[in-house]
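A short write-up of the structure that comes next.
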Amino acid sequence: MFIDSHAHLFDPAFRADLNEVVDRARSAGIAAIIVPGTDLATSREAVDLAERYPDLYACVGIHPHESAKAQESDLEAIAGLCRSSRVVAIGEIGLDYYYEFSPREVQMRWFAAQIDLAASMQKPVVVHTRESMTDAMSMVHAGTERSPRWNASATHDGEPRRGVFHCFPGTADEAAELRTLGFGVSFPGIVTFRNSHTIEILRAIGFEKILLETDSPYLAPVPLRGKRNEPAHLLHIARHIASALGITEEALAAATTENSRRLFGIP
Ligand SMILES: [Zn+2]
Ligand SMILES: [Zn+2]
C-alpha cells in the first residue's frame with residue numbers, strides 16, 4: 001500500500017477518464033492521493049475532487065509560476081478553502097528560478113505570505129523549488145522563526161512536521177538540514193531516469209525518511225517516460241527505488257506511507 005503525495009488530478013489530461021485513473025490507482029494499492037492546487041481555480045478543483053473521492057485529499061495554494069497572475073484577494077480565498085476538512089496542506093507554493101514565469105520578488109512575497117498562512121492554520125506546506133534551494137530553505141527557516149509554534153509538537157521521533165519539499169532537487173546535507181526544520185523530501189519518477197543522481201542522494205538520506213510522489217501528469221517514470229503519468233505508476237518508482245537500495249517494496253511502502261500519513265494527518 002502506497003500514498004501518492006503529489007498528483008495534479010484536476011489537469012485537463014485527466015478530464016476524459018478520471019474515474020478509470022482513480023480505479024487503476026486503487027487496484028495498484030495506492031491508498032491515498034494528495035492533489036495540490038497551483039492557483040485559486042485549480043485549488044477549488046482540488047477541493048471538489050477531494051470531496052467527491054474518499055481517497056483524494058486537497059492542498060490549496062498559489063504556485064510560483066502563477067504568482068504574478070494572482071490577485072491580492074486570492075490569499076483570503078485560499079484561507080477560506082481550508083474550511084473544508086478535505087484540505088490537508090497549503091501548496092503547492094515555493095520558488096522557481098529555472099522558468100521564472102513570475103518575477104522573483106513576487107514569488108518570494110507569495111511564498112512568505114503562504115508560509116505564514118499555513119503557520120496560522122497549523123497546516124503543513126508542499127514546497128516546489130527549482131534552482132532556488134538556498135532561498136527556499138532560508139525562507140522556510142525564517143517562517144519557522146516568525147511562527148515557532150507552527151506544527152511544533154514533536155512526534156515520537158522528536159521531529160515537528162511542517163511540510164515537504166517535493167521533487168527534491170537538493171543534496172543529502174540539505175535534506176538533513178530541512179529535517180531539523182521539520183521538512184521532509186519527496187521523490188518522483190526522476191529516480192528511474194538513467195542519468196539521475198537521485199538514487200545516490202536517496203541512499204545518503206535513507207528511504208525511511210522520504211515520501212513518494214508521481215507529480216502526475218508530469219514526469220512519468222521509465223518505462224513510461226514521455227507518456228501521461230498517473231498515480232498507479234507510483235509502483236514503477238517504488239520498484240526502482242527498492243531494487244536500487246536492496247530493500248523490499250513492503251519496507252519502502254510501510255515507511256513512505258507512514259511519513260505521508262503523519263505529515264498530512266491522514267487516518
Ligand atoms: Zn512542483
Ligand atoms: Zn506539482
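Ordering of the C-alpha cells sets the chain letters (A, B, ...); residue numbers start at 1 within each chain; ligands are numbered from 1 in the order shown.
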
Report as a list in words all protein, DNA and RNA residues lying within 12 Å of Gln71 in chain A, evaluated on only C-alpha atoms, omitting residues in the same chain fewer than 5 positions from it. Asp39, Leu40, Ala41, Ile62, Glu66, Glu76, Ala77, Ile78, Val106 and Trp110 of chain A

Print the selection's residues with C-alpha atoms to a file, as an mmCIF file, in the first residue's frame.
```cif
data_model
loop_
_atom_site.group_PDB
_atom_site.id
_atom_site.type_symbol
_atom_site.label_atom_id
_atom_site.label_comp_id
_atom_site.auth_asym_id
_atom_site.auth_seq_id
_atom_site.Cartn_x
_atom_site.Cartn_y
_atom_site.Cartn_z
ATOM 1 C CA ASP A 39 -3.745 28.723 -8.373
ATOM 2 C CA LEU A 40 -7.119 29.677 -6.909
ATOM 3 C CA ALA A 41 -9.156 27.960 -9.664
ATOM 4 C CA ILE A 62 -0.567 29.648 -5.418
ATOM 5 C CA GLU A 66 1.102 31.555 -11.145
ATOM 6 C CA GLU A 76 -8.066 35.182 1.653
ATOM 7 C CA ALA A 77 -9.892 32.858 -0.749
ATOM 8 C CA ILE A 78 -7.202 30.191 -0.245
ATOM 9 C CA VAL A 106 6.642 38.369 -6.497
ATOM 10 C CA TRP A 110 3.589 34.886 -2.170
#
```

All residues within 10 Å of ligand 2 are required, counting only C-alpha atoms and all ligand atoms; please report them as a ChimeraX atom specification. /A:5-8,35-38,63,91-93,126-128,166-167,213-218

Mind checking which residues fall within 7 Å of Pro221 in chain A, counting only C-alpha atoms, ignoring those fewer than 4 positions away in the same chain, and posting them as an NGL selection string? :A and (189-190 or 192 or 225 or 236-237)

For the selection you just gave me, I'd like the residues written to a file as a CSV table (one decimal), in the first residue's frame, keeping N, CA and C atoms.
```csv
chain,number,residue,atom,x,y,z
A,189,GLY,N,9.3,10.2,-10.4
A,189,GLY,CA,9.8,9.2,-11.4
A,189,GLY,C,11.2,9.6,-11.9
A,190,ILE,N,11.7,10.7,-11.5
A,190,ILE,CA,13.1,11.1,-12.0
A,190,ILE,C,14.1,10.1,-11.5
A,192,THR,N,14.0,7.1,-11.8
A,192,THR,CA,14.1,6.0,-12.7
A,192,THR,C,14.9,6.4,-14.0
A,225,ARG,N,8.2,6.8,-19.7
A,225,ARG,CA,8.7,8.2,-19.8
A,225,ARG,C,8.2,8.8,-21.1
A,236,HIS,N,6.1,1.8,-10.3
A,236,HIS,CA,7.3,1.7,-11.1
A,236,HIS,C,8.4,2.4,-10.3
A,237,ILE,N,8.1,3.6,-9.7
A,237,ILE,CA,9.0,4.3,-8.9
A,237,ILE,C,9.5,3.5,-7.7
```

Could you pull out the helix (DSSP H, G or I) residues of range 75-147 of chain A from DSSP and send them as JSON, numbers by chain? {"A": [75, 76, 77, 78, 79, 80, 81, 104, 105, 106, 107, 108, 109, 110, 111, 112, 113, 114, 115, 116, 117, 118, 119, 120, 121, 133, 134, 135, 136, 137, 138, 139, 140, 141, 142, 143, 144, 145, 146]}

Using only C-alpha atoms and all ligand atoms for the distances, tell me which of A:Val164, A:Ala68, A:Ala251, A:Met1 is nearest to ligand 1.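 Using only C-alpha atoms and all ligand atoms, ligand 1 sits closest to A:Val164.
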
Given only C-alpha atoms as the basis, pick out the residue of A:Thr129, A:Thr257, A:Ser138, A:Asn195 nearest to Val222 in chain A.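 Of all the options, A:Asn195 lies closest to Val222 in chain A.
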
Do a neighbour search on Glu174 in chain A at 12 Å with only C-alpha atoms, toss out local chain neighbours closer than 2 positions, and write the hits as an MDAnalysis selection string. chainID A and resid 133:134 136:138 165 168:172 176:181 183:185 201 204:205

Write to file, as a compact mmCIF listing (two decimals), in the first residue's frame, the residues of the selection just made, with C-alpha atoms.
```
# COMPACT_ATOMS: atom_id res chain seq x y z
CA MET A 133 17.03 25.71 -2.93
CA THR A 134 19.14 28.20 -0.95
CA ALA A 136 13.64 28.43 -0.34
CA MET A 137 15.45 26.93 2.63
CA SER A 138 16.17 30.29 4.18
CA PHE A 165 9.99 19.74 -0.46
CA PHE A 168 13.53 17.23 -4.18
CA PRO A 169 16.47 18.53 -6.23
CA GLY A 170 18.90 19.08 -3.33
CA THR A 171 21.73 17.24 -1.61
CA ALA A 172 21.64 14.81 1.32
CA ALA A 176 19.24 16.74 6.70
CA GLU A 177 19.10 20.47 7.36
CA LEU A 178 15.48 20.59 6.22
CA ARG A 179 14.66 17.73 8.57
CA THR A 180 15.84 19.76 11.55
CA LEU A 181 13.40 22.49 10.44
CA PHE A 183 10.51 19.34 6.49
CA GLY A 184 10.60 16.07 4.60
CA VAL A 185 11.53 15.45 0.97
CA ILE A 201 21.15 11.10 -2.73
CA ALA A 204 22.52 9.01 1.78
CA ILE A 205 19.17 10.31 3.08
```

DSSP on the backbone: which residues in range 17-94 of chain A end up as strand (DSSP E)? Give the answer as a VMD selection string. chain A and resid 30 to 36 56 to 60 87 to 94

What lies within 9 Å of range 259-262 of chain A using only C-alpha atoms, ignoring chain neighbours under 4 positions off, as a list in words?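 Everything that qualifies: Ile3, Asp4, Ser5, Thr155, Arg161, Gly184, Glu208, Lys209, Ile210, Leu211, Leu212, Ala254, Ala255, Ile266 and Pro267 of chain A.
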
Can you write just those residues out, C-alpha atoms, as a short mmCIF file (atom, residue, chain, number, x, y, z; two decimals), in the first residue's frame?
```cif
data_model
loop_
_atom_site.label_atom_id
_atom_site.label_comp_id
_atom_site.auth_asym_id
_atom_site.auth_seq_id
_atom_site.Cartn_x
_atom_site.Cartn_y
_atom_site.Cartn_z
CA ILE A 3 0.41 7.04 -0.95
CA ASP A 4 0.96 9.28 -3.97
CA SER A 5 1.86 12.51 -2.16
CA THR A 155 6.11 13.42 17.06
CA ARG A 161 6.15 18.14 10.65
CA GLY A 184 10.60 16.07 4.60
CA GLU A 208 12.88 5.65 5.97
CA LYS A 209 12.73 9.45 5.79
CA ILE A 210 11.18 10.09 2.40
CA LEU A 211 7.79 10.43 0.71
CA LEU A 212 6.90 9.16 -2.77
CA ALA A 254 5.47 0.95 5.08
CA ALA A 255 7.96 3.79 5.71
CA ILE A 266 -4.45 11.17 7.00
CA PRO A 267 -6.14 8.45 9.09
#
```

What is the distance, in Å and to one decimal place, between CA of Ser243 in chain A and CA of Leu224 in chain A?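 We find that CA of Ser243 in chain A and CA of Leu224 in chain A lie 18.0 Å from each other.
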
As an exercise, work out the distance from CA of Asp55 in chain A to CA of Ser186 in chain A in Å and give it to one decimal place.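 Spanning CA of Asp55 in chain A to CA of Ser186 in chain A is a straight-line distance of 19.5 Å.
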
What is the distance, in Å and to one decimal place, between CA of Gly182 in chain A and CA of Gly206 in chain A?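 Calculated distance between CA of Gly182 in chain A and CA of Gly206 in chain A is 16.2 Å.
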
Calculated over only C-alpha atoms, which of the candidates A:Thr144, A:Thr42, A:Ser102, A:Ser27 has the smallest distance to Leu235 in chain A? A:Ser27

Neighbouring residues of Arg149 in chain A were defined as those with any atom within 10 Å, considering only C-alpha atoms; residues of the same chain fewer than 2 positions away were excluded. Please report them as a PDB file with C-alpha atoms, in the first residue's frame.
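Result file is selection-v3.pdb:
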```pdb
ATOM      1  CA  ALA A 119       1.542  28.501  10.217  1.00  0.00           C
ATOM      2  CA  SER A 120      -1.545  30.404  11.353  1.00  0.00           C
ATOM      3  CA  GLN A 122      -1.378  24.815  11.766  1.00  0.00           C
ATOM      4  CA  THR A 144       9.678  28.863  11.492  1.00  0.00           C
ATOM      5  CA  GLU A 145      11.300  31.771  13.343  1.00  0.00           C
ATOM      6  CA  ARG A 146       8.281  34.027  12.760  1.00  0.00           C
ATOM      7  CA  SER A 147       5.982  31.199  13.916  1.00  0.00           C
ATOM      8  CA  ASN A 151       3.171  22.399  13.820  1.00  0.00           C
ATOM      9  CA  ALA A 152       5.786  22.364  16.554  1.00  0.00           C
ATOM     10  CA  SER A 153       4.551  19.484  18.677  1.00  0.00           C
ATOM     11  CA  PRO A 160       7.930  18.579  14.006  1.00  0.00           C
TER      12      PRO A 160
END
```

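In this comparison, which uses only C-alpha atoms and all ligand atoms, the residue of A:Ala16, A:Ala142, A:Leu219, A:Leu49 approaching ligand 1 most closely is A:Leu219.
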
Pick from A:Gly265, A:Gly226, A:Gly61, A:Pro103, whichever lies nearest to ligand 1 using only C-alpha atoms and all ligand atoms: A:Gly61

Given the choices A:Asp173, A:Tyr57, A:Pro188, A:Glu20, which gets closest to ligand 1 if the distance is worked out from only C-alpha atoms and all ligand atoms?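 Residue with the minimum atom-to-atom distance to ligand 1: A:Pro188.
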
Neighbours of His65 in chain A within 9 Å (only C-alpha atoms; same-chain residues fewer than 4 positions away dropped), as a list in words?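 Surrounding residues, per the criterion: Thr38, Lys69, Leu95, Asp96, Tyr99, Glu100, Phe101, Ser102 and Gln107 of chain A.
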
Okay, now the selection with N, CA and C atoms, as a CSV table (one decimal), in the first residue's frame?
```csv
chain,number,residue,atom,x,y,z
A,38,THR,N,-2.6,24.8,-8.0
A,38,THR,CA,-1.5,25.6,-8.4
A,38,THR,C,-1.9,27.1,-8.5
A,69,LYS,N,0.1,36.2,-11.7
A,69,LYS,CA,-1.2,36.4,-12.1
A,69,LYS,C,-2.2,36.5,-11.0
A,95,LEU,N,9.4,28.5,-5.0
A,95,LEU,CA,10.2,29.4,-5.8
A,95,LEU,C,10.7,28.6,-7.0
A,96,ASP,N,10.6,29.2,-8.2
A,96,ASP,CA,11.1,28.5,-9.4
A,96,ASP,C,11.9,29.5,-10.2
A,99,TYR,N,12.3,28.5,-14.6
A,99,TYR,CA,11.4,29.0,-15.6
A,99,TYR,C,11.2,30.5,-15.3
A,100,GLU,N,11.2,30.9,-14.1
A,100,GLU,CA,11.0,32.3,-13.6
A,100,GLU,C,9.8,32.9,-14.4
A,101,PHE,N,8.7,32.2,-14.4
A,101,PHE,CA,7.5,32.8,-15.1
A,101,PHE,C,6.9,34.0,-14.3
A,102,SER,N,7.2,34.1,-13.0
A,102,SER,CA,6.9,35.3,-12.2
A,102,SER,C,8.2,35.9,-11.7
A,107,GLN,N,7.3,36.0,-6.5
A,107,GLN,CA,7.4,34.6,-6.0
A,107,GLN,C,7.6,34.6,-4.5
```
